[in-house]
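Engineer: For reference, this is upload-v6.pdb, and it has PDB, C-alpha atoms and all ligand atoms.
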ATOM      1  CA  MET A   1      -0.396   5.587  16.602  1.00  0.00           C
ATOM      2  CA  THR A   2       0.191   1.852  16.030  1.00  0.00           C
ATOM      3  CA  VAL A   3      -2.631   0.248  14.076  1.00  0.00           C
ATOM      4  CA  LEU A   4      -1.316  -3.275  13.535  1.00  0.00           C
ATOM      5  CA  ALA A   5       1.564  -5.410  14.758  1.00  0.00           C
ATOM      6  CA  THR A   6       2.992  -8.605  13.250  1.00  0.00           C
ATOM      7  CA  ALA A   7       5.893 -10.873  14.228  1.00  0.00           C
ATOM      8  CA  ARG A   8       8.502  -8.508  12.766  1.00  0.00           C
ATOM      9  CA  LEU A   9       6.653  -5.314  11.958  1.00  0.00           C
ATOM     10  CA  ARG A  10       4.330  -2.620  13.164  1.00  0.00           C
ATOM     11  CA  LEU A  11       2.080  -0.465  11.038  1.00  0.00           C
ATOM     12  CA  ARG A  12       1.368   3.015  12.320  1.00  0.00           C
ATOM     13  CA  ARG A  13      -0.365   6.113  11.094  1.00  0.00           C
ATOM     14  CA  LEU A  14       1.813   8.395   9.012  1.00  0.00           C
ATOM     15  CA  VAL A  15       2.583  11.891  10.288  1.00  0.00           C
ATOM     16  CA  LEU A  16       3.932  15.005   8.574  1.00  0.00           C
ATOM     17  CA  ASP A  17       7.398  14.237  10.005  1.00  0.00           C
ATOM     18  CA  ASP A  18       7.487  11.202   7.675  1.00  0.00           C
ATOM     19  CA  ALA A  19       8.068  13.615   4.766  1.00  0.00           C
ATOM     20  CA  PRO A  20      11.759  12.642   4.212  1.00  0.00           C
ATOM     21  CA  PHE A  21      10.807   8.959   3.956  1.00  0.00           C
ATOM     22  CA  VAL A  22       7.947   9.743   1.557  1.00  0.00           C
ATOM     23  CA  LEU A  23      10.174  11.950  -0.587  1.00  0.00           C
ATOM     24  CA  GLU A  24      12.590   9.026  -1.012  1.00  0.00           C
ATOM     25  CA  LEU A  25       9.944   6.337  -1.536  1.00  0.00           C
ATOM     26  CA  VAL A  26       7.848   8.068  -4.192  1.00  0.00           C
ATOM     27  CA  ASN A  27      10.923   8.944  -6.231  1.00  0.00           C
ATOM     28  CA  GLN A  28      12.592   5.543  -6.270  1.00  0.00           C
ATOM     29  CA  PRO A  29      12.592   3.810  -9.677  1.00  0.00           C
ATOM     30  CA  SER A  30      10.138   1.019  -8.775  1.00  0.00           C
ATOM     31  CA  TRP A  31       7.517   3.520  -7.534  1.00  0.00           C
ATOM     32  CA  LEU A  32       7.946   5.743 -10.598  1.00  0.00           C
ATOM     33  CA  ALA A  33       7.718   2.741 -12.922  1.00  0.00           C
ATOM     34  CA  TYR A  34       4.715   1.004 -11.384  1.00  0.00           C
ATOM     35  CA  ILE A  35       2.738   3.642  -9.496  1.00  0.00           C
ATOM     36  CA  GLY A  36       3.661   6.872 -11.252  1.00  0.00           C
ATOM     37  CA  ASP A  37       5.151  10.299 -10.724  1.00  0.00           C
ATOM     38  CA  LYS A  38       3.393  12.070  -7.836  1.00  0.00           C
ATOM     39  CA  GLN A  39       5.342  15.285  -8.542  1.00  0.00           C
ATOM     40  CA  VAL A  40       6.809  15.213  -5.029  1.00  0.00           C
ATOM     41  CA  HIS A  41      10.169  16.948  -5.371  1.00  0.00           C
ATOM     42  CA  SER A  42      10.725  18.557  -1.981  1.00  0.00           C
ATOM     43  CA  LEU A  43       9.934  18.042   1.703  1.00  0.00           C
ATOM     44  CA  ASP A  44       7.123  20.583   1.331  1.00  0.00           C
ATOM     45  CA  ASP A  45       5.688  18.552  -1.557  1.00  0.00           C
ATOM     46  CA  ALA A  46       5.952  15.395   0.575  1.00  0.00           C
ATOM     47  CA  ARG A  47       4.094  17.052   3.444  1.00  0.00           C
ATOM     48  CA  GLY A  48       1.404  18.097   0.958  1.00  0.00           C
ATOM     49  CA  TYR A  49       1.165  14.524  -0.334  1.00  0.00           C
ATOM     50  CA  LEU A  50       0.804  13.218   3.226  1.00  0.00           C
ATOM     51  CA  ALA A  51      -1.824  15.803   4.148  1.00  0.00           C
ATOM     52  CA  ALA A  52      -3.953  15.342   1.031  1.00  0.00           C
ATOM     53  CA  GLY A  53      -3.511  11.550   0.902  1.00  0.00           C
ATOM     54  CA  PRO A  54      -3.086   9.338   3.990  1.00  0.00           C
ATOM     55  CA  LEU A  55      -3.889  11.965   6.645  1.00  0.00           C
ATOM     56  CA  ALA A  56      -7.062  13.067   4.845  1.00  0.00           C
ATOM     57  CA  SER A  57      -8.046   9.407   4.459  1.00  0.00           C
ATOM     58  CA  TYR A  58      -7.693   8.732   8.222  1.00  0.00           C
ATOM     59  CA  ALA A  59      -9.976  11.692   8.905  1.00  0.00           C
ATOM     60  CA  GLN A  60     -12.521  10.800   6.238  1.00  0.00           C
ATOM     61  CA  HIS A  61     -12.585   6.997   6.348  1.00  0.00           C
ATOM     62  CA  GLY A  62     -10.787   5.976   9.540  1.00  0.00           C
ATOM     63  CA  PHE A  63      -8.186   4.076   7.516  1.00  0.00           C
ATOM     64  CA  GLY A  64      -5.496   4.800   4.959  1.00  0.00           C
ATOM     65  CA  LEU A  65      -1.943   3.969   4.007  1.00  0.00           C
ATOM     66  CA  TYR A  66       0.248   3.298   7.036  1.00  0.00           C
ATOM     67  CA  ALA A  67       3.987   3.468   7.685  1.00  0.00           C
ATOM     68  CA  VAL A  68       5.576   0.025   7.964  1.00  0.00           C
ATOM     69  CA  GLU A  69       8.381  -0.201  10.526  1.00  0.00           C
ATOM     70  CA  ARG A  70      10.455  -3.073  11.859  1.00  0.00           C
ATOM     71  CA  SER A  71       9.343  -3.708  15.430  1.00  0.00           C
ATOM     72  CA  HIS A  72      12.368  -2.266  17.212  1.00  0.00           C
ATOM     73  CA  VAL A  73      13.468   0.412  14.750  1.00  0.00           C
ATOM     74  CA  ASP A  74      11.741   3.792  14.586  1.00  0.00           C
ATOM     75  CA  ALA A  75      12.169   4.339  10.853  1.00  0.00           C
ATOM     76  CA  PRO A  76       9.700   3.529   8.086  1.00  0.00           C
ATOM     77  CA  ILE A  77      10.714   0.934   5.504  1.00  0.00           C
ATOM     78  CA  GLY A  78       7.549   1.148   3.433  1.00  0.00           C
ATOM     79  CA  LEU A  79       3.849   1.894   3.157  1.00  0.00           C
ATOM     80  CA  CYS A  80       0.946  -0.500   3.354  1.00  0.00           C
ATOM     81  CA  GLY A  81      -2.745   0.032   3.920  1.00  0.00           C
ATOM     82  CA  LEU A  82      -6.145   0.691   2.470  1.00  0.00           C
ATOM     83  CA  LEU A  83      -7.369   3.282  -0.009  1.00  0.00           C
ATOM     84  CA  ARG A  84     -10.831   4.492  -0.932  1.00  0.00           C
ATOM     85  CA  ARG A  85     -10.697   5.772  -4.510  1.00  0.00           C
ATOM     86  CA  GLU A  86     -13.534   7.582  -6.252  1.00  0.00           C
ATOM     87  CA  HIS A  87     -13.274   5.478  -9.380  1.00  0.00           C
ATOM     88  CA  LEU A  88     -13.393   2.089  -7.609  1.00  0.00           C
ATOM     89  CA  GLU A  89     -16.482   0.561  -6.029  1.00  0.00           C
ATOM     90  CA  ASP A  90     -14.396  -1.254  -3.421  1.00  0.00           C
ATOM     91  CA  VAL A  91     -11.632  -0.379  -0.990  1.00  0.00           C
ATOM     92  CA  ASP A  92      -8.212  -1.367  -2.360  1.00  0.00           C
ATOM     93  CA  ILE A  93      -4.961  -2.411  -0.729  1.00  0.00           C
ATOM     94  CA  GLY A  94      -1.706  -0.625  -1.495  1.00  0.00           C
ATOM     95  CA  PHE A  95       1.913  -1.376  -0.603  1.00  0.00           C
ATOM     96  CA  ALA A  96       5.438  -0.247  -1.413  1.00  0.00           C
ATOM     97  CA  LEU A  97       8.823  -0.833   0.196  1.00  0.00           C
ATOM     98  CA  LEU A  98      12.034   1.114  -0.003  1.00  0.00           C
ATOM     99  CA  ASP A  99      13.993  -1.013  -2.470  1.00  0.00           C
ATOM    100  CA  ARG A 100      16.712  -1.867   0.073  1.00  0.00           C
ATOM    101  CA  TYR A 101      14.136  -3.676   2.246  1.00  0.00           C
ATOM    102  CA  GLY A 102      12.745  -5.878  -0.538  1.00  0.00           C
ATOM    103  CA  GLY A 103      13.236  -9.637  -0.578  1.00  0.00           C
ATOM    104  CA  HIS A 104      12.669 -10.293   3.147  1.00  0.00           C
ATOM    105  CA  GLY A 105       8.951 -11.003   3.100  1.00  0.00           C
ATOM    106  CA  TYR A 106       8.159  -7.677   4.800  1.00  0.00           C
ATOM    107  CA  ALA A 107       5.609  -6.595   2.184  1.00  0.00           C
ATOM    108  CA  PHE A 108       3.734  -9.889   2.435  1.00  0.00           C
ATOM    109  CA  GLU A 109       3.797  -9.802   6.239  1.00  0.00           C
ATOM    110  CA  ALA A 110       2.440  -6.245   6.347  1.00  0.00           C
ATOM    111  CA  ALA A 111      -0.114  -6.797   3.598  1.00  0.00           C
ATOM    112  CA  ALA A 112      -1.413 -10.053   5.121  1.00  0.00           C
ATOM    113  CA  ALA A 113      -2.093  -8.145   8.362  1.00  0.00           C
ATOM    114  CA  VAL A 114      -3.883  -5.409   6.408  1.00  0.00           C
ATOM    115  CA  VAL A 115      -6.053  -8.004   4.626  1.00  0.00           C
ATOM    116  CA  GLU A 116      -7.098  -9.474   8.000  1.00  0.00           C
ATOM    117  CA  HIS A 117      -7.715  -5.965   9.347  1.00  0.00           C
ATOM    118  CA  ALA A 118      -9.848  -5.114   6.314  1.00  0.00           C
ATOM    119  CA  ARG A 119     -11.939  -8.197   6.838  1.00  0.00           C
ATOM    120  CA  HIS A 120     -12.307  -8.380  10.617  1.00  0.00           C
ATOM    121  CA  ALA A 121     -11.774  -4.856  11.999  1.00  0.00           C
ATOM    122  CA  ILE A 122     -13.244  -2.829   9.153  1.00  0.00           C
ATOM    123  CA  GLY A 123     -15.719  -5.499   8.136  1.00  0.00           C
ATOM    124  CA  LEU A 124     -15.211  -5.436   4.378  1.00  0.00           C
ATOM    125  CA  ASP A 125     -16.677  -8.318   2.432  1.00  0.00           C
ATOM    126  CA  ARG A 126     -14.570  -7.559  -0.627  1.00  0.00           C
ATOM    127  CA  LEU A 127     -11.089  -6.112  -1.090  1.00  0.00           C
ATOM    128  CA  VAL A 128      -9.481  -5.200  -4.407  1.00  0.00           C
ATOM    129  CA  ALA A 129      -6.108  -4.064  -5.740  1.00  0.00           C
ATOM    130  CA  ILE A 130      -5.047  -2.377  -8.941  1.00  0.00           C
ATOM    131  CA  VAL A 131      -1.679  -3.177 -10.432  1.00  0.00           C
ATOM    132  CA  ALA A 132       0.229  -2.503 -13.643  1.00  0.00           C
ATOM    133  CA  PRO A 133       0.433  -5.593 -15.875  1.00  0.00           C
ATOM    134  CA  GLY A 134       4.255  -5.543 -15.826  1.00  0.00           C
ATOM    135  CA  ASN A 135       4.527  -5.335 -12.031  1.00  0.00           C
ATOM    136  CA  ALA A 136       5.401  -8.985 -11.511  1.00  0.00           C
ATOM    137  CA  ARG A 137       6.489  -8.708  -7.845  1.00  0.00           C
ATOM    138  CA  SER A 138       3.229  -7.038  -6.862  1.00  0.00           C
ATOM    139  CA  ILE A 139       1.126  -9.483  -8.862  1.00  0.00           C
ATOM    140  CA  ARG A 140       2.880 -12.378  -7.117  1.00  0.00           C
ATOM    141  CA  LEU A 141       2.282 -10.729  -3.761  1.00  0.00           C
ATOM    142  CA  LEU A 142      -1.428 -10.206  -4.514  1.00  0.00           C
ATOM    143  CA  GLU A 143      -1.791 -13.846  -5.506  1.00  0.00           C
ATOM    144  CA  LYS A 144      -0.101 -14.932  -2.245  1.00  0.00           C
ATOM    145  CA  LEU A 145      -2.658 -12.741  -0.419  1.00  0.00           C
ATOM    146  CA  GLY A 146      -5.534 -14.486  -2.170  1.00  0.00           C
ATOM    147  CA  LEU A 147      -6.443 -11.531  -4.412  1.00  0.00           C
ATOM    148  CA  ALA A 148      -7.054 -13.159  -7.791  1.00  0.00           C
ATOM    149  CA  PHE A 149      -7.067 -11.440 -11.179  1.00  0.00           C
ATOM    150  CA  GLU A 150     -10.602 -10.411 -12.081  1.00  0.00           C
ATOM    151  CA  ARG A 151     -10.503  -8.034 -15.053  1.00  0.00           C
ATOM    152  CA  THR A 152      -8.655  -5.180 -16.688  1.00  0.00           C
ATOM    153  CA  ILE A 153      -9.694  -1.569 -16.017  1.00  0.00           C
ATOM    154  CA  THR A 154      -8.521   1.838 -17.240  1.00  0.00           C
ATOM    155  CA  PRO A 155      -8.919   4.482 -14.511  1.00  0.00           C
ATOM    156  CA  PRO A 156     -10.337   7.878 -15.571  1.00  0.00           C
ATOM    157  CA  GLY A 157      -7.697  10.159 -17.058  1.00  0.00           C
ATOM    158  CA  GLN A 158      -5.303   7.294 -17.704  1.00  0.00           C
ATOM    159  CA  THR A 159      -4.550   5.473 -20.924  1.00  0.00           C
ATOM    160  CA  ALA A 160      -2.724   2.413 -19.646  1.00  0.00           C
ATOM    161  CA  PRO A 161      -4.931  -0.483 -18.530  1.00  0.00           C
ATOM    162  CA  LEU A 162      -4.429  -1.931 -15.036  1.00  0.00           C
ATOM    163  CA  ARG A 163      -5.202  -5.371 -13.641  1.00  0.00           C
ATOM    164  CA  LEU A 164      -7.947  -5.480 -11.011  1.00  0.00           C
ATOM    165  CA  HIS A 165      -7.433  -8.218  -8.430  1.00  0.00           C
ATOM    166  CA  ALA A 166     -10.064  -9.072  -5.826  1.00  0.00           C
ATOM    167  CA  ARG A 167     -10.829 -11.236  -2.823  1.00  0.00           C
ATOM    168  CA  SER A 168     -14.301 -11.675  -1.351  1.00  0.00           C
ATOM    169  CA  TRP A 169     -15.578 -13.121   1.904  1.00  0.00           C
ATOM    170  CA  CYS A 170     -19.064 -14.495   1.969  1.00  0.00           C
ATOM    171  CA  ASP A 171     -19.563 -15.356   5.647  1.00  0.00           C
TER     172      ASP A 171
HETATM  173  C1  LIG B   1       5.611  -4.679  -4.342  1.00  0.00           C
HETATM  174  C2  LIG B   1       6.806  -4.810  -3.433  1.00  0.00           C
HETATM  175  C3  LIG B   1       6.469  -4.222  -2.070  1.00  0.00           C
HETATM  176  C4  LIG B   1       7.140  -6.293  -3.291  1.00  0.00           C
HETATM  177  O1  LIG B   1       8.357  -6.427  -2.615  1.00  0.00           O
HETATM  178  P1  LIG B   1       8.952  -7.908  -2.365  1.00  0.00           P
HETATM  179  O2  LIG B   1      10.307  -7.749  -1.791  1.00  0.00           O
HETATM  180  O3  LIG B   1       8.802  -8.693  -3.628  1.00  0.00           O
HETATM  181  O4  LIG B   1       7.929  -8.554  -1.333  1.00  0.00           O
HETATM  182  P2  LIG B   1       8.194  -9.142   0.116  1.00  0.00           P
HETATM  183  O5  LIG B   1       8.709  -8.082   1.018  1.00  0.00           O
HETATM  184  O6  LIG B   1       6.928  -9.816   0.515  1.00  0.00           O
HETATM  185  O7  LIG B   1       9.360 -10.196  -0.083  1.00  0.00           O
HETATM  186  C5  LIG B   1       9.138 -11.387  -0.819  1.00  0.00           C
HETATM  187  C6  LIG B   1      10.474 -12.043  -1.060  1.00  0.00           C
HETATM  188  O8  LIG B   1      11.163 -12.191   0.176  1.00  0.00           O
HETATM  189  C7  LIG B   1      11.616 -13.550   0.311  1.00  0.00           C
HETATM  190  N1  LIG B   1      11.776 -13.802   1.754  1.00  0.00           N
HETATM  191  C8  LIG B   1      12.966 -13.760   2.393  1.00  0.00           C
HETATM  192  N2  LIG B   1      12.802 -13.965   3.706  1.00  0.00           N
HETATM  193  C9  LIG B   1      11.466 -14.149   3.902  1.00  0.00           C
HETATM  194  C10 LIG B   1      10.699 -14.406   5.064  1.00  0.00           C
HETATM  195  N3  LIG B   1      11.236 -14.488   6.288  1.00  0.00           N
HETATM  196  N4  LIG B   1       9.360 -14.523   4.911  1.00  0.00           N
HETATM  197  C11 LIG B   1       8.789 -14.437   3.691  1.00  0.00           C
HETATM  198  N5  LIG B   1       9.503 -14.200   2.548  1.00  0.00           N
HETATM  199  C12 LIG B   1      10.833 -14.051   2.667  1.00  0.00           C
HETATM  200  C13 LIG B   1      10.560 -14.331  -0.419  1.00  0.00           C
HETATM  201  O9  LIG B   1      11.017 -15.596  -0.809  1.00  0.00           O
HETATM  202  C14 LIG B   1      10.341 -13.434  -1.641  1.00  0.00           C
HETATM  203  O10 LIG B   1      11.440 -13.582  -2.525  1.00  0.00           O
HETATM  204  P3  LIG B   1      11.242 -13.942  -4.068  1.00  0.00           P
HETATM  205  O11 LIG B   1      10.477 -12.780  -4.636  1.00  0.00           O
HETATM  206  O12 LIG B   1      12.604 -14.054  -4.600  1.00  0.00           O
HETATM  207  O13 LIG B   1      10.430 -15.186  -4.069  1.00  0.00           O
HETATM  208  C15 LIG B   1       8.015  -4.052  -4.013  1.00  0.00           C
HETATM  209  O14 LIG B   1       8.384  -4.655  -5.250  1.00  0.00           O
HETATM  210  C16 LIG B   1       7.741  -2.576  -4.264  1.00  0.00           C
HETATM  211  O15 LIG B   1       7.789  -1.762  -3.355  1.00  0.00           O
HETATM  212  N6  LIG B   1       7.440  -2.176  -5.529  1.00  0.00           N
HETATM  213  C17 LIG B   1       7.185  -0.791  -5.864  1.00  0.00           C
HETATM  214  C18 LIG B   1       5.837  -0.324  -5.392  1.00  0.00           C
HETATM  215  C19 LIG B   1       4.711  -1.106  -6.038  1.00  0.00           C
HETATM  216  O16 LIG B   1       4.799  -1.553  -7.169  1.00  0.00           O
HETATM  217  N7  LIG B   1       3.616  -1.234  -5.282  1.00  0.00           N
HETATM  218  C20 LIG B   1       2.431  -1.944  -5.709  1.00  0.00           C
HETATM  219  C21 LIG B   1       1.565  -1.156  -6.577  1.00  0.00           C
HETATM  220  S1  LIG B   1       0.140  -2.117  -7.062  1.00  0.00           S
END
Please go through the file and, once you have read it, give me the structure as structure tokens.
Structural biologist:
Amino acid sequence: MTVLATARLRLRRLVLDDAPFVLELVNQPSWLAYIGDKQVHSLDDARGYLAAGPLASYAQHGFGLYAVERSHVDAPIGLCGLLRREHLEDVDIGFALLDRYGGHGYAFEAAAAVVEHARHAIGLDRLVAIVAPGNARSIRLLEKLGLAFERTITPPGQTAPLRLHARSWCD
């Protein structure tokens, strides 16, 4: 199910058959360094991650993380979308690319579409993001999206502080 389309990309709902892609993505060094170890070590684990994460979010909230694909290629290159976390007051945006697809502006293109979707289709008046202080590429991307640094937070059960970025719309 395609949710959003941009000049070069489409964002669609994830399905359990995306398990091989998820298994690769969540175990690549940049994900492990900046997002953390999801303990996804097999295709079964990846299906469990999909079911408990994005698929549950679609059912509960009507939105979630989506697969990012190039328009004419049926293979995910990354994830981008919206998350509703218990410990945050606001919906946050998330994104990650397979490393081999970095440096082409795909993450910005996908995330800019998600920001517009959050504002106009979902009707949010505020969108946030949480990011590790050393994650320079993501921080630059958030700034390009208009999500400015607001404060530092430490999520429950974690010891390392994260940066909270935010963008609000007042109209
Ligand atoms: C965050 C992440 C998606 C950013 O990837 P990225 O490649 O920096 O971002 P983009 O896809 O938007 O690409 C931007 C780069 O493409 C370049 N680019 C090339 N062609 C482009 C085009 N047609 N349009 C726009 N930019 C283009 C830009 O100049 C920029 O390069 P630069 O960084 O050298 O200035 C990636 O680092 C990642 O997956 N990290 C691990 C997961 C993660 O940390 N997620 C966030 C948790 S908060």
Engineer: Measure the distance from atom N1 of ligand LIG 1 (chain B) to CA of Pro54 (chain A) in Å and round it to one decimal.
Structural biologist: 27.6 Å
Engineer: Neighbouring residues of ligand LIG 1 (chain B) are defined here as those with any atom at most 6 Å from a ligand atom, counting all atoms listed in the file; list them as number ranges by chain.
Structural biologist: A: 30-31, 34-35, 95-97, 102-108, 130-131, 137-138
Engineer: So, with only C-alpha atoms as the atoms that count, which of A:Leu83, A:Ser168, A:Glu109, A:Thr152 lies closest to Asp125 (chain A)?
Structural biologist: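 When distances to Asp125 (chain A) are compared using only C-alpha atoms, the smallest one comes from A:Ser168.
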Engineer: As an exercise, work out the distance from CA of Asp44 (chain A) to CA of Gln28 (chain A) in Å and give it to one decimal place.
Structural biologist: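 We find that CA of Asp44 (chain A) and CA of Gln28 (chain A) lie 17.7 Å from each other.
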Engineer: Can you spell out as a VMD selection string the set of residues that the PyMOL selection byres (((chain A and resi 87) around 10) and not hetatm) selects in the structure I just provided?
Structural biologist: chain A and resid 84 to 86 88 to 90 154 to 156
Engineer: Quick one: pull the distance between CA of Asp74 (chain A) and CA of Leu142 (chain A), Å, one decimal.
Structural biologist: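 Result for CA of Asp74 (chain A) versus CA of Leu142 (chain A): 27.1 Å, one decimal.
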Engineer: Step by step, work through what the PyMOL selection byres (((chain A and resi 27) around 12) and not hetatm) selects in the shown file, and finish by giving those residues as a ChimeraX atom specification.
Structural biologist: /A:20-26,28-42,45-46,96-99
Engineer: So, with only C-alpha atoms as the atoms that count, which of A:His117, A:Lys144, A:Arg47, A:Arg100 lies closest to Gly64 (chain A)?
Structural biologist: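 Going through A:His117, A:Lys144, A:Arg47, A:Arg100 one by one, the smallest distance to Gly64 (chain A) is for A:His117.
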Engineer: If you count only C-alpha atoms, which residues fall within 10 Å of Phe149 (chain A), apart from same-chain ones fewer than 5 positions away, as number ranges by chain?
Structural biologist: A: 128-131, 139, 142-143, 163-167
Engineer: For the provided coordinates, the residues matched by the PyMOL selection byres (((chain A and resi 76) around 10) and not hetatm) should be stated as a list in words.
Structural biologist: Arg10, Leu11, Arg12, Leu14, Asp18, Phe21, Val22, Tyr66, Ala67, Val68, Glu69, Arg70, Val73, Asp74, Ala75, Ile77, Gly78, Leu79, Leu97 and Leu98 of chain A
Engineer: The selected residues should be written to file as a JSON list (two decimals), in the frame of the given file (atoms: C-alpha atoms).
Structural biologist:
[["chain", "number", "residue", "atom", "x", "y", "z"],
["A", 10, "ARG", "CA", 4.33, -2.62, 13.16],
["A", 11, "LEU", "CA", 2.08, -0.46, 11.04],
["A", 12, "ARG", "CA", 1.37, 3.02, 12.32],
["A", 14, "LEU", "CA", 1.81, 8.40, 9.01],
["A", 18, "ASP", "CA", 7.49, 11.20, 7.68],
["A", 21, "PHE", "CA", 10.81, 8.96, 3.96],
["A", 22, "VAL", "CA", 7.95, 9.74, 1.56],
["A", 66, "TYR", "CA", 0.25, 3.30, 7.04],
["A", 67, "ALA", "CA", 3.99, 3.47, 7.68],
["A", 68, "VAL", "CA", 5.58, 0.02, 7.96],
["A", 69, "GLU", "CA", 8.38, -0.20, 10.53],
["A", 70, "ARG", "CA", 10.46, -3.07, 11.86],
["A", 73, "VAL", "CA", 13.47, 0.41, 14.75],
["A", 74, "ASP", "CA", 11.74, 3.79, 14.59],
["A", 75, "ALA", "CA", 12.17, 4.34, 10.85],
["A", 77, "ILE", "CA", 10.71, 0.93, 5.50],
["A", 78, "GLY", "CA", 7.55, 1.15, 3.43],
["A", 79, "LEU", "CA", 3.85, 1.89, 3.16],
["A", 97, "LEU", "CA", 8.82, -0.83, 0.20],
["A", 98, "LEU", "CA", 12.03, 1.11, 0.00]]
Engineer: From the list A:Ser71, A:Ala56, A:Leu65, A:Pro161, which residue is nearest Ala7 (chain A) when using all atoms listed in the file?
Structural biologist: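 Checking each candidate against Ala7 (chain A), we get A:Ser71 as the closest.
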Engineer: For Thr2 (chain A), which residue among A:Trp169, A:Val15, A:His120, A:Ala59 is the nearest when counting only C-alpha atoms?
Structural biologist: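 Of A:Trp169, A:Val15, A:His120, A:Ala59, the one nearest Thr2 (chain A) is A:Val15, counting only C-alpha atoms.
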Engineer: Looking at A:Leu4, A:Leu145, A:Leu9, A:Leu82, which one is nearest to Ala118 (chain A), with distances taken over only C-alpha atoms?
Structural biologist: A:Leu82
Engineer: Give the answer as one residue: which of A:Val91, A:Ala19, A:His72, A:Ala52 has the shortest atom-to-atom distance to Gly123 (chain A), using only C-alpha atoms?
Structural biologist: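 That would be A:Val91, the residue with the smallest distance to Gly123 (chain A).
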Engineer: Can you report as lines of an AutoDock Vina configuration file the centre and edge lengths in Å, to one decimal, of an axis-aligned box around the listed atoms of region 120-137 of chain A padded with 8 Å on each side?
Structural biologist:
center_x = -5.1
center_y = -5.7
center_z = -1.9
size_x = 39.2
size_y = 22.6
size_z = 43.9
Engineer: Complete the atoms of region 124-138 of chain A to N, CA and C atoms and put them out as a PDB file, keeping the file's coordinate frame.
Structural biologist:
ATOM      1  N   LEU A 124     -14.975  -5.377   5.830  1.00  0.00           N
ATOM      2  CA  LEU A 124     -15.211  -5.436   4.378  1.00  0.00           C
ATOM      3  C   LEU A 124     -15.558  -6.859   3.968  1.00  0.00           C
ATOM      4  N   ASP A 125     -16.437  -6.980   2.977  1.00  0.00           N
ATOM      5  CA  ASP A 125     -16.677  -8.318   2.432  1.00  0.00           C
ATOM      6  C   ASP A 125     -16.004  -8.503   1.084  1.00  0.00           C
ATOM      7  N   ARG A 126     -15.313  -7.456   0.635  1.00  0.00           N
ATOM      8  CA  ARG A 126     -14.570  -7.559  -0.627  1.00  0.00           C
ATOM      9  C   ARG A 126     -13.429  -6.543  -0.585  1.00  0.00           C
ATOM     10  N   LEU A 127     -12.278  -6.977  -1.049  1.00  0.00           N
ATOM     11  CA  LEU A 127     -11.089  -6.112  -1.090  1.00  0.00           C
ATOM     12  C   LEU A 127     -10.475  -6.258  -2.473  1.00  0.00           C
ATOM     13  N   VAL A 128     -10.067  -5.133  -3.066  1.00  0.00           N
ATOM     14  CA  VAL A 128      -9.481  -5.200  -4.407  1.00  0.00           C
ATOM     15  C   VAL A 128      -8.082  -4.583  -4.396  1.00  0.00           C
ATOM     16  N   ALA A 129      -7.399  -4.717  -5.527  1.00  0.00           N
ATOM     17  CA  ALA A 129      -6.108  -4.064  -5.740  1.00  0.00           C
ATOM     18  C   ALA A 129      -5.981  -3.770  -7.220  1.00  0.00           C
ATOM     19  N   ILE A 130      -5.321  -2.668  -7.532  1.00  0.00           N
ATOM     20  CA  ILE A 130      -5.047  -2.377  -8.941  1.00  0.00           C
ATOM     21  C   ILE A 130      -3.542  -2.372  -9.128  1.00  0.00           C
ATOM     22  N   VAL A 131      -3.107  -2.964 -10.235  1.00  0.00           N
ATOM     23  CA  VAL A 131      -1.679  -3.177 -10.432  1.00  0.00           C
ATOM     24  C   VAL A 131      -1.352  -3.144 -11.922  1.00  0.00           C
ATOM     25  N   ALA A 132      -0.202  -2.548 -12.244  1.00  0.00           N
ATOM     26  CA  ALA A 132       0.229  -2.503 -13.643  1.00  0.00           C
ATOM     27  C   ALA A 132       0.570  -3.917 -14.120  1.00  0.00           C
ATOM     28  N   PRO A 133       0.232  -4.230 -15.375  1.00  0.00           N
ATOM     29  CA  PRO A 133       0.433  -5.593 -15.875  1.00  0.00           C
ATOM     30  C   PRO A 133       1.891  -6.059 -15.784  1.00  0.00           C
ATOM     31  N   GLY A 134       2.847  -5.131 -15.869  1.00  0.00           N
ATOM     32  CA  GLY A 134       4.255  -5.543 -15.826  1.00  0.00           C
ATOM     33  C   GLY A 134       4.837  -5.640 -14.429  1.00  0.00           C
ATOM     34  N   ASN A 135       4.029  -5.390 -13.407  1.00  0.00           N
ATOM     35  CA  ASN A 135       4.527  -5.335 -12.031  1.00  0.00           C
ATOM     36  C   ASN A 135       4.495  -6.740 -11.407  1.00  0.00           C
ATOM     37  N   ALA A 136       5.435  -7.554 -11.852  1.00  0.00           N
ATOM     38  CA  ALA A 136       5.401  -8.985 -11.511  1.00  0.00           C
ATOM     39  C   ALA A 136       5.492  -9.236 -10.010  1.00  0.00           C
ATOM     40  N   ARG A 137       6.331  -8.470  -9.298  1.00  0.00           N
ATOM     41  CA  ARG A 137       6.489  -8.708  -7.845  1.00  0.00           C
ATOM     42  C   ARG A 137       5.173  -8.433  -7.109  1.00  0.00           C
ATOM     43  N   SER A 138       4.503  -7.368  -7.521  1.00  0.00           N
ATOM     44  CA  SER A 138       3.229  -7.038  -6.862  1.00  0.00           C
ATOM     45  C   SER A 138       2.151  -8.048  -7.214  1.00  0.00           C
TER      46      SER A 138
END
